[in-house]
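Undergrad: Would you mind keeping the following structure in view while I ask a few things?
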Amino acid sequence: MNIAIASDHGGFELKEELKTFLNDTGISCTDLGVANGESVDYPDFGMALAVRVSDGEFESGILICGTGIGMSIVANKFPKVRAALVWDTFTARMAREHNDANVLVIGGRTTEKGLAKEMVKVWLDARFEGGRHQLRLDKIREIEKMWGMG
Ligand code: RB5
């Protein structure tokens, strides 16, 4: 799996934790920053990851900011990016099975580290169900095209 991870300062600690978790489970991920806990602007790091998922350089990504809200708003501006802010293992599984979310978004200040790891694992292990859900994703693509988004 070709996966990237990025955060702002509000998600830095959890990003480091999740990087170790992914490496320990045999999944290498590319860290697109931030490099430390100093204050930065989440759109810069959300964009760095979302643009690369959008153009296919990375199959999937994980974004973390304080609440996950800012990163969700940024990532969903990019065509073909389906970013899902999740808060438990059920929403993490649904994000893949129903929405085929290619970016998982987590709140670094709202999510306990153990739960965050569980959510990442569930999302990575889950499979998109297709069928009626694919028809709905097709409609989302049509909306993107209406707005001239690739
Ligand atoms: C940064 O203080 C905070 O606003 C950011 O991490 C995020 O929660 C925004 O949605």
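Letters for chains follow the order of the structure tokens (A, B, ...), residue numbers begin at 1 for each chain, and ligand numbers begin at 1 in the order shown.
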Can you pull out the residues contacting Arg93 (chain A)? Cut-off 7 Å, using only C-alpha atoms, and skip same-chain residues under 6 positions away; I want them as a ChimeraX atom specification.
TA: /A:122-123,126
Undergrad: Per DSSP on the backbone, what are the helix (DSSP H, G or I) residues of chain A, as a PDB file with C-alpha atoms, in the first residue's frame?
TA:
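Contents of the output file result_7.pdb:
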```pdb
ATOM      1  CA  HIS A   9       0.976  20.987  15.027  1.00  0.00           C
ATOM      2  CA  GLY A  10      -2.355  19.873  16.558  1.00  0.00           C
ATOM      3  CA  GLY A  11      -1.844  16.435  15.046  1.00  0.00           C
ATOM      4  CA  PHE A  12       1.934  16.144  15.223  1.00  0.00           C
ATOM      5  CA  GLU A  13       2.121  13.844  18.269  1.00  0.00           C
ATOM      6  CA  LEU A  14      -0.504  11.467  16.902  1.00  0.00           C
ATOM      7  CA  LYS A  15       1.145  11.491  13.461  1.00  0.00           C
ATOM      8  CA  GLU A  16       4.425  10.311  14.993  1.00  0.00           C
ATOM      9  CA  GLU A  17       2.586   7.608  16.933  1.00  0.00           C
ATOM     10  CA  LEU A  18       0.719   6.413  13.831  1.00  0.00           C
ATOM     11  CA  LYS A  19       3.910   6.337  11.753  1.00  0.00           C
ATOM     12  CA  THR A  20       5.466   3.952  14.262  1.00  0.00           C
ATOM     13  CA  PHE A  21       2.273   1.899  14.350  1.00  0.00           C
ATOM     14  CA  LEU A  22       2.181   1.608  10.544  1.00  0.00           C
ATOM     15  CA  ASN A  23       5.858   0.689  10.335  1.00  0.00           C
ATOM     16  CA  ASP A  24       5.398  -1.925  13.088  1.00  0.00           C
ATOM     17  CA  TYR A  42      -3.231  23.176   8.401  1.00  0.00           C
ATOM     18  CA  PRO A  43      -4.182  24.067   4.773  1.00  0.00           C
ATOM     19  CA  ASP A  44      -0.494  23.889   3.769  1.00  0.00           C
ATOM     20  CA  PHE A  45      -0.101  20.322   4.978  1.00  0.00           C
ATOM     21  CA  GLY A  46      -3.570  19.180   4.021  1.00  0.00           C
ATOM     22  CA  MET A  47      -2.950  20.416   0.491  1.00  0.00           C
ATOM     23  CA  ALA A  48       0.481  18.764   0.282  1.00  0.00           C
ATOM     24  CA  LEU A  49      -1.132  15.397   0.889  1.00  0.00           C
ATOM     25  CA  ALA A  50      -4.471  15.851  -0.897  1.00  0.00           C
ATOM     26  CA  VAL A  51      -2.928  17.023  -4.158  1.00  0.00           C
ATOM     27  CA  ARG A  52      -0.791  13.874  -4.265  1.00  0.00           C
ATOM     28  CA  VAL A  53      -3.755  11.590  -3.573  1.00  0.00           C
ATOM     29  CA  SER A  54      -5.776  13.501  -6.158  1.00  0.00           C
ATOM     30  CA  ILE A  69     -12.265  19.478  10.785  1.00  0.00           C
ATOM     31  CA  GLY A  70      -9.846  21.816   9.039  1.00  0.00           C
ATOM     32  CA  MET A  71      -8.007  18.978   7.304  1.00  0.00           C
ATOM     33  CA  SER A  72     -11.345  17.512   6.121  1.00  0.00           C
ATOM     34  CA  ILE A  73     -12.401  20.834   4.607  1.00  0.00           C
ATOM     35  CA  VAL A  74      -9.083  21.242   2.791  1.00  0.00           C
ATOM     36  CA  ALA A  75      -8.747  17.684   1.494  1.00  0.00           C
ATOM     37  CA  THR A  89     -14.136   2.070  14.565  1.00  0.00           C
ATOM     38  CA  PHE A  90     -17.634   1.987  13.072  1.00  0.00           C
ATOM     39  CA  THR A  91     -17.171   5.257  11.171  1.00  0.00           C
ATOM     40  CA  ALA A  92     -13.660   4.158  10.148  1.00  0.00           C
ATOM     41  CA  ARG A  93     -15.052   0.937   8.642  1.00  0.00           C
ATOM     42  CA  MET A  94     -17.970   2.684   6.959  1.00  0.00           C
ATOM     43  CA  ALA A  95     -15.592   5.271   5.522  1.00  0.00           C
ATOM     44  CA  ARG A  96     -14.061   2.484   3.429  1.00  0.00           C
ATOM     45  CA  GLU A  97     -16.999   0.104   2.918  1.00  0.00           C
ATOM     46  CA  LYS A 113      -3.994   7.244  20.615  1.00  0.00           C
ATOM     47  CA  GLY A 114      -5.080   3.627  21.040  1.00  0.00           C
ATOM     48  CA  LEU A 115      -8.412   4.333  19.374  1.00  0.00           C
ATOM     49  CA  ALA A 116      -6.667   6.176  16.536  1.00  0.00           C
ATOM     50  CA  LYS A 117      -4.535   3.097  15.825  1.00  0.00           C
ATOM     51  CA  GLU A 118      -7.601   0.857  15.865  1.00  0.00           C
ATOM     52  CA  MET A 119      -9.405   3.172  13.451  1.00  0.00           C
ATOM     53  CA  VAL A 120      -6.458   3.179  11.044  1.00  0.00           C
ATOM     54  CA  LYS A 121      -6.272  -0.618  11.149  1.00  0.00           C
ATOM     55  CA  VAL A 122     -10.015  -1.042  10.575  1.00  0.00           C
ATOM     56  CA  TRP A 123      -9.963   1.406   7.641  1.00  0.00           C
ATOM     57  CA  LEU A 124      -6.945  -0.293   6.055  1.00  0.00           C
ATOM     58  CA  ASP A 125      -8.457  -3.765   6.450  1.00  0.00           C
ATOM     59  CA  ARG A 132     -25.138   1.034  -4.871  1.00  0.00           C
ATOM     60  CA  HIS A 133     -22.278   2.793  -3.120  1.00  0.00           C
ATOM     61  CA  GLN A 134     -20.363   3.077  -6.395  1.00  0.00           C
ATOM     62  CA  LEU A 135     -23.373   4.771  -7.984  1.00  0.00           C
ATOM     63  CA  ARG A 136     -23.270   7.358  -5.205  1.00  0.00           C
ATOM     64  CA  LEU A 137     -19.547   7.954  -5.677  1.00  0.00           C
ATOM     65  CA  ASP A 138     -20.202   8.399  -9.398  1.00  0.00           C
ATOM     66  CA  LYS A 139     -22.649  11.165  -8.505  1.00  0.00           C
ATOM     67  CA  ILE A 140     -19.978  12.870  -6.409  1.00  0.00           C
ATOM     68  CA  ARG A 141     -17.609  12.740  -9.402  1.00  0.00           C
ATOM     69  CA  GLU A 142     -20.313  14.336 -11.534  1.00  0.00           C
ATOM     70  CA  ILE A 143     -20.600  17.184  -9.030  1.00  0.00           C
ATOM     71  CA  GLU A 144     -16.816  17.689  -9.194  1.00  0.00           C
ATOM     72  CA  LYS A 145     -16.960  17.823 -12.978  1.00  0.00           C
ATOM     73  CA  MET A 146     -19.822  20.363 -12.855  1.00  0.00           C
TER      74      MET A 146
END
```
Undergrad: To one decimal place in Å, what is the distance between CA of Met1 (chain A) and CA of Ser60 (chain A)?
TA: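 Distance between the two atoms: 8.0 Å.
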Undergrad: Atom 8 (O, counted along the ligand's line) of ligand 1 to CA of Thr110 (chain A): how many Å, to one decimal?
TA: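 Distance between the two atoms: 9.3 Å.
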Undergrad: Which is closer to Gly107 (chain A) than all the others in A:Glu129, A:Glu38, A:Asp55, A:Asp88, using only C-alpha atoms?
TA: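 Of A:Glu129, A:Glu38, A:Asp55, A:Asp88, the one nearest Gly107 (chain A) is A:Asp88, counting only C-alpha atoms.
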Undergrad: From the list A:Pro79, A:Gly68, A:Gly61, A:Gly130, which residue is nearest ligand 1 when using only C-alpha atoms and all ligand atoms?
TA: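 Closest to ligand 1 of all the choices is A:Gly68.
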Undergrad: Using DSSP on the backbone coordinates, identify all residues within chain A classified as strand (DSSP E); present the result as JSON, numbers by chain.
TA: {"A": [3, 4, 5, 6, 7, 29, 30, 31, 60, 61, 62, 63, 64, 65, 83, 84, 85, 103, 104, 105, 106, 107]}
Undergrad: I'd like to know which of A:Gly150, A:Gly56, A:Gly108, A:Gly66 is closest to ligand 1, using only C-alpha atoms and all ligand atoms.
TA: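 Once distances to ligand 1 are computed over only C-alpha atoms and all ligand atoms, the minimum belongs to A:Gly66.
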Undergrad: For CA of Val81 (chain A) and CA of Thr25 (chain A), quote the distance in Å rounded to one decimal.
TA: 25.0 Å
Undergrad: Taking only C-alpha atoms and all ligand atoms into account, name the residue in A:Arg109, A:His98, A:Arg127, A:Lys80 that is nearest to ligand 1.
TA: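 Once distances to ligand 1 are computed over only C-alpha atoms and all ligand atoms, the minimum belongs to A:Arg109.
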